[in-house]
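Each remark here refers to the structure printed beneath this line.
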Amino acid sequence: MSSAAPQTIETPLDARRLRGDFPILAREVRGRPLVYLDNAATTQKPARVIDALQHYYTHSNSNVHRGIHTLADEATQAYEATRDHVARFIGGVKREEVVFTRGTTEALNLVANHWMLHELGPEDKILLTEMEHHANLVPWLTVAKSTGAQLIYLPIDETYRLDMDKLTGLLDETVKIVAVSHMSNVLGTINPVSDIAQRAHEVGAQVVVDAAQSAPHLPLDVDALGADLVAFSAHKMLGPTGVGVLWGREELLGRMEPCQFGGEMIEWVTYEKATWADLPHKFEAGTPNIAGVAAFDAALDYLEEIGMEAIHEHEVEMITCALDRLRDLGGIRIFGPDTFEQRGSALSFEVEGIHPHDLSTFLDTRGVAVRAGHHCAQPLHRKMGVPASTRASFYLYNTTDDVDSLCSALQEAKEYFRI
Ligand code: PLP
């Protein structure tokens, strides 16, 4: 666990060397070297994160915030050290504002279903964008249904960016919540969240940011972003599954009611009533994913040592190369901005004449792992005019060799399916 300022190893990042830190990247799939391009779904883990999990269970396994024996103390220290680390990682916020959840989905559900449910009425509006992942859409659908609040959507334009000209017409004092993804998991578009947040605040709305795709890839300063609540998942940023973060402004989290009740979230309990613990513990009922949180610390160390700017620069290089190469192949429709500006490394596309599921199955025979389907964004795909797409998504350990492997496999697929 680290408390010192991060050291930067190098810029630009040396992906070929970093690959050696990820044991799984040495394996073969169907007799071919693994080409892992499904990073928007989840990322691979460096040995030090795997070691941290093992170390925790081998040396310090205990429950947190309860016992006063040595192991309990070590487990609590490891768990709470990660909270401090997350607070630094997202721009130096207060540790009380960092709540551990199971992931982005749980964090957004907590905000929508356990807080907004009580704050919204039929006269209110919730503003989303047309590119939201179901995790930042379905909870709001259910809130709208229960409260009578109206859902409105900021549209995307023909370049697959948000149509910011339409924002003025949508924002007024009836909008109480603006919930927006920082980076689309389908289009790769990086949204101008700070601009949106500033304008949302002018009409008194709260801003909820789904940072599941941006926290792993961009420097994240939640305060500079102008957000009120931000959610992200550890497993998409080299950490273990089952760990997520909800950051919220202290004043807002203070007003929110807990959503789960039981051990360790209380201050005082009698047979008649209970009062809640201080932030952030009132939101962390029961035994959390202690090992996962402890190992997330190692993932954050790793990201900081490389540097988030360097990671983004590397991905710009990957995406520029991939966009060029896919264009050269021909017969490919790209869903998302076709230049690297304001763009992340999720690249969805359609190969004319081949269903994404068939394509993904074919690519797997060549060792190439991509995602096929609607990527938990069905309304967006409907808007794009397709039921599904194929998505390649890059991370810090991908190289231009991976782009070459993807493109060769796509060329083979076109020949195989006689396109
Ligand atoms: N939001 C976005 C933009 C995502 O890409 C994802 C996962 O793919 C989620 C939310 C949900 O994340 P999780 O499944 O870790 O809760």
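In the structure tokens, each chain is lettered A, B, ... as it comes, each chain's residues begin at 1, and ligands are numbered from 1 in order of appearance.
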- Give as a PyMOL selection string the residues surrounding ligand 1 up to a distance of 8 Å, considering only C-alpha atoms and all ligand atoms. chain A and resi 40-42+102-107+132-136+181-186+210-213+232-236+241-242+244+375-376
- Message: Please list as an MDAnalysis selection string every residue within 7 Å of range 118-127 of chain A, counting only C-alpha atoms and excluding residues in the same chain fewer than 4 positions away.
- Response: chainID A and resid 147:153 174:179
Could you take the residues named above and write them with N, CA, C and O atoms, as a PDB file, in the first residue's frame?
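So again00.pdb came out as:
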ATOM      1  N   THR A 147     -41.769   7.472  -9.090  1.00  0.00           N
ATOM      2  CA  THR A 147     -42.002   8.840  -8.607  1.00  0.00           C
ATOM      3  C   THR A 147     -42.868   9.663  -9.553  1.00  0.00           C
ATOM      4  O   THR A 147     -43.334  10.738  -9.183  1.00  0.00           O
ATOM      5  N   GLY A 148     -43.006   9.193 -10.786  1.00  0.00           N
ATOM      6  CA  GLY A 148     -43.733   9.985 -11.789  1.00  0.00           C
ATOM      7  C   GLY A 148     -42.840  11.015 -12.458  1.00  0.00           C
ATOM      8  O   GLY A 148     -43.290  11.768 -13.333  1.00  0.00           O
ATOM      9  N   ALA A 149     -41.567  11.076 -12.059  1.00  0.00           N
ATOM     10  CA  ALA A 149     -40.646  12.029 -12.702  1.00  0.00           C
ATOM     11  C   ALA A 149     -40.476  11.670 -14.175  1.00  0.00           C
ATOM     12  O   ALA A 149     -40.637  10.508 -14.560  1.00  0.00           O
ATOM     13  N   GLN A 150     -40.129  12.689 -14.974  1.00  0.00           N
ATOM     14  CA  GLN A 150     -40.016  12.451 -16.424  1.00  0.00           C
ATOM     15  C   GLN A 150     -38.545  12.277 -16.814  1.00  0.00           C
ATOM     16  O   GLN A 150     -37.683  13.037 -16.351  1.00  0.00           O
ATOM     17  N   LEU A 151     -38.291  11.290 -17.650  1.00  0.00           N
ATOM     18  CA  LEU A 151     -36.927  11.084 -18.161  1.00  0.00           C
ATOM     19  C   LEU A 151     -36.786  11.807 -19.493  1.00  0.00           C
ATOM     20  O   LEU A 151     -37.633  11.647 -20.373  1.00  0.00           O
ATOM     21  N   ILE A 152     -35.729  12.606 -19.625  1.00  0.00           N
ATOM     22  CA  ILE A 152     -35.455  13.242 -20.914  1.00  0.00           C
ATOM     23  C   ILE A 152     -34.007  12.935 -21.304  1.00  0.00           C
ATOM     24  O   ILE A 152     -33.180  12.632 -20.428  1.00  0.00           O
ATOM     25  N   TYR A 153     -33.729  12.994 -22.607  1.00  0.00           N
ATOM     26  CA  TYR A 153     -32.431  12.518 -23.093  1.00  0.00           C
ATOM     27  C   TYR A 153     -31.724  13.561 -23.945  1.00  0.00           C
ATOM     28  O   TYR A 153     -32.320  14.122 -24.868  1.00  0.00           O
ATOM     29  N   THR A 174     -36.803  22.448 -13.661  1.00  0.00           N
ATOM     30  CA  THR A 174     -37.505  21.190 -13.349  1.00  0.00           C
ATOM     31  C   THR A 174     -36.555  19.987 -13.404  1.00  0.00           C
ATOM     32  O   THR A 174     -36.893  18.906 -12.940  1.00  0.00           O
ATOM     33  N   VAL A 175     -35.358  20.192 -13.990  1.00  0.00           N
ATOM     34  CA  VAL A 175     -34.388  19.081 -14.049  1.00  0.00           C
ATOM     35  C   VAL A 175     -33.665  18.999 -12.705  1.00  0.00           C
ATOM     36  O   VAL A 175     -32.976  19.930 -12.299  1.00  0.00           O
ATOM     37  N   LYS A 176     -33.829  17.878 -12.035  1.00  0.00           N
ATOM     38  CA  LYS A 176     -33.235  17.731 -10.701  1.00  0.00           C
ATOM     39  C   LYS A 176     -31.961  16.890 -10.740  1.00  0.00           C
ATOM     40  O   LYS A 176     -31.108  17.015  -9.867  1.00  0.00           O
ATOM     41  N   ILE A 177     -31.884  16.012 -11.738  1.00  0.00           N
ATOM     42  CA  ILE A 177     -30.729  15.122 -11.862  1.00  0.00           C
ATOM     43  C   ILE A 177     -30.246  15.127 -13.297  1.00  0.00           C
ATOM     44  O   ILE A 177     -31.049  15.019 -14.229  1.00  0.00           O
ATOM     45  N   VAL A 178     -28.925  15.241 -13.448  1.00  0.00           N
ATOM     46  CA  VAL A 178     -28.314  15.002 -14.754  1.00  0.00           C
ATOM     47  C   VAL A 178     -27.368  13.826 -14.547  1.00  0.00           C
ATOM     48  O   VAL A 178     -26.419  13.918 -13.759  1.00  0.00           O
ATOM     49  N   ALA A 179     -27.649  12.704 -15.203  1.00  0.00           N
ATOM     50  CA  ALA A 179     -26.816  11.496 -15.029  1.00  0.00           C
ATOM     51  C   ALA A 179     -26.181  11.170 -16.372  1.00  0.00           C
ATOM     52  O   ALA A 179     -26.881  10.898 -17.351  1.00  0.00           O
TER      53      ALA A 179
END
- Could you give me, as a PyMOL selection string, the residues within 12 Å of Glu80 in chain A, counting only C-alpha atoms and dropping anything in the same chain fewer than 4 positions from it? chain A and resi 1-3+64-65+73-76+84-87+95-96+98-100+280-281+288+290-291+293-297
Using C-alpha atoms, can you export the residues from the last selection as a PDB file, in the first residue's frame?
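Okay, this is what ended up in selection11.pdb:
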ATOM      1  CA  MET A   1       0.000   0.000   0.000  1.00  0.00           C
ATOM      2  CA  SER A   2       1.316   3.441  -0.783  1.00  0.00           C
ATOM      3  CA  SER A   3       0.938   6.762   0.922  1.00  0.00           C
ATOM      4  CA  VAL A  64     -12.751  -5.230   9.439  1.00  0.00           C
ATOM      5  CA  HIS A  65     -13.806  -2.605  11.997  1.00  0.00           C
ATOM      6  CA  ASP A  73      -6.266  -4.497  12.903  1.00  0.00           C
ATOM      7  CA  GLU A  74      -4.180  -5.394   9.828  1.00  0.00           C
ATOM      8  CA  ALA A  75      -7.294  -6.147   7.758  1.00  0.00           C
ATOM      9  CA  THR A  76      -8.885  -2.846   8.792  1.00  0.00           C
ATOM     10  CA  ASP A  84      -7.247   6.888   1.403  1.00  0.00           C
ATOM     11  CA  HIS A  85      -5.651   5.853  -1.859  1.00  0.00           C
ATOM     12  CA  VAL A  86      -8.895   6.158  -3.831  1.00  0.00           C
ATOM     13  CA  ALA A  87      -9.440   9.608  -2.299  1.00  0.00           C
ATOM     14  CA  ARG A  95     -11.807   9.915   2.651  1.00  0.00           C
ATOM     15  CA  GLU A  96     -15.307  10.097   4.190  1.00  0.00           C
ATOM     16  CA  VAL A  98     -15.391   7.425  -0.655  1.00  0.00           C
ATOM     17  CA  VAL A  99     -17.887   4.577  -0.282  1.00  0.00           C
ATOM     18  CA  PHE A 100     -16.967   1.044  -1.320  1.00  0.00           C
ATOM     19  CA  PRO A 280     -18.784   6.438   4.834  1.00  0.00           C
ATOM     20  CA  HIS A 281     -19.625   3.504   7.107  1.00  0.00           C
ATOM     21  CA  PRO A 288     -17.369  -6.071   2.569  1.00  0.00           C
ATOM     22  CA  ILE A 290     -12.004  -6.899   2.146  1.00  0.00           C
ATOM     23  CA  ALA A 291      -9.476  -8.843   0.084  1.00  0.00           C
ATOM     24  CA  VAL A 293     -10.469  -3.703  -1.614  1.00  0.00           C
ATOM     25  CA  ALA A 294      -6.998  -4.442  -0.203  1.00  0.00           C
ATOM     26  CA  ALA A 295      -5.797  -5.647  -3.618  1.00  0.00           C
ATOM     27  CA  PHE A 296      -7.353  -2.639  -5.379  1.00  0.00           C
ATOM     28  CA  ASP A 297      -4.669  -0.619  -3.607  1.00  0.00           C
TER      29      ASP A 297
END
- Message: Considering only strand (DSSP E or B) as DSSP defines it on the backbone, what residues of range 248-331 of chain A qualify? List them as a PyMOL selection string.
- Response: chain A and resi 248+266-269+274-276
Dump as a compact mmCIF listing (two decimals), in the first residue's frame, selection limited to C-alpha atoms:
# COMPACT_ATOMS: atom_id res chain seq x y z
CA GLY A 248 -20.15 11.87 -3.38
CA ILE A 266 -25.01 1.72 12.92
CA GLU A 267 -24.09 4.14 15.66
CA TRP A 268 -26.53 2.92 18.31
CA VAL A 269 -29.24 0.26 18.36
CA ALA A 274 -31.31 2.60 15.49
CA THR A 275 -29.10 5.51 14.48
CA TRP A 276 -26.52 5.44 11.69
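For Leu238 in chain A, the residues within 9 Å (counting only C-alpha atoms, excluding itself and residues fewer than 6 positions away along the chain) are A:Thr42, A:Thr43, A:Gln44, A:Lys45, A:Pro46, A:Val49, A:Pro216, A:Phe296, A:Ala298, A:Ala299, A:Leu300, A:Tyr302, A:Leu303.
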With N, CA and C atoms retained, could you export that selection as an mmCIF file, in the first residue's frame?
data_model
loop_
_atom_site.group_PDB
_atom_site.id
_atom_site.type_symbol
_atom_site.label_atom_id
_atom_site.label_comp_id
_atom_site.auth_asym_id
_atom_site.auth_seq_id
_atom_site.Cartn_x
_atom_site.Cartn_y
_atom_site.Cartn_z
ATOM 1 N N THR A 42 -13.821 -6.071 -18.818
ATOM 2 C CA THR A 42 -12.992 -6.123 -17.607
ATOM 3 C C THR A 42 -11.540 -6.204 -18.044
ATOM 4 N N THR A 43 -10.652 -5.724 -17.192
ATOM 5 C CA THR A 43 -9.233 -5.732 -17.552
ATOM 6 C C THR A 43 -8.536 -6.914 -16.891
ATOM 7 N N GLN A 44 -7.373 -7.247 -17.416
ATOM 8 C CA GLN A 44 -6.555 -8.288 -16.782
ATOM 9 C C GLN A 44 -5.825 -7.707 -15.571
ATOM 10 N N LYS A 45 -5.295 -8.621 -14.752
ATOM 11 C CA LYS A 45 -4.705 -8.169 -13.481
ATOM 12 C C LYS A 45 -3.189 -8.388 -13.486
ATOM 13 N N PRO A 46 -2.418 -7.388 -13.065
ATOM 14 C CA PRO A 46 -0.976 -7.606 -12.952
ATOM 15 C C PRO A 46 -0.672 -8.535 -11.778
ATOM 16 N N VAL A 49 -1.344 -7.467 -8.203
ATOM 17 C CA VAL A 49 -2.720 -7.449 -7.683
ATOM 18 C C VAL A 49 -3.111 -8.865 -7.241
ATOM 19 N N PRO A 216 -10.531 4.164 -15.521
ATOM 20 C CA PRO A 216 -9.375 3.326 -15.867
ATOM 21 C C PRO A 216 -8.438 3.955 -16.890
ATOM 22 N N PHE A 296 -7.108 -3.807 -4.511
ATOM 23 C CA PHE A 296 -7.353 -2.639 -5.379
ATOM 24 C C PHE A 296 -6.257 -1.590 -5.157
ATOM 25 N N ALA A 298 -3.164 -2.147 -4.763
ATOM 26 C CA ALA A 298 -2.018 -2.488 -5.620
ATOM 27 C C ALA A 298 -2.290 -2.072 -7.065
ATOM 28 N N ALA A 299 -3.545 -2.181 -7.484
ATOM 29 C CA ALA A 299 -3.897 -1.765 -8.849
ATOM 30 C C ALA A 299 -3.699 -0.259 -9.012
ATOM 31 N N LEU A 300 -4.126 0.491 -7.983
ATOM 32 C CA LEU A 300 -3.974 1.950 -8.042
ATOM 33 C C LEU A 300 -2.503 2.345 -8.063
ATOM 34 N N TYR A 302 -0.128 0.617 -9.305
ATOM 35 C CA TYR A 302 0.378 0.297 -10.648
ATOM 36 C C TYR A 302 0.001 1.392 -11.647
ATOM 37 N N LEU A 303 -1.267 1.788 -11.614
ATOM 38 C CA LEU A 303 -1.732 2.832 -12.548
ATOM 39 C C LEU A 303 -0.986 4.142 -12.317
#
- Task: Going by DSSP on the backbone, which bits of range 55-163 of chain A are alpha helix (DSSP H)? Write them as a PyMOL selection string, please.
- Result: chain A and resi 55+70-89+104-111+117-119+138-147
Select from range 186-253 of chain A every residue with an atom at most 9 Å from any atom of range 169-172 of chain A, then for each give the shortest pair of atoms and their distance in Å to one decimal, using only C-alpha atoms, rows by chain and rising number, as a Markdown table.
| residue | atom | partner | partner_atom | distance |
| --- | --- | --- | --- | --- |
| A:Arg199 | CA | A:Leu171 | CA | 7.9 |
| A:Ala200 | CA | A:Leu171 | CA | 6.9 |
| A:Glu202 | CA | A:Asp172 | CA | 8.8 |
| A:Val203 | CA | A:Asp172 | CA | 5.7 |
| A:Gly204 | CA | A:Asp172 | CA | 8.5 |
| A:Ala205 | CA | A:Asp172 | CA | 8.8 |
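Among A:Leu279, A:Val368, A:Leu380, A:Leu154, the residue with the shortest atom-to-atom distance to Tyr36 in chain A, counting only C-alpha atoms, is A:Val368.
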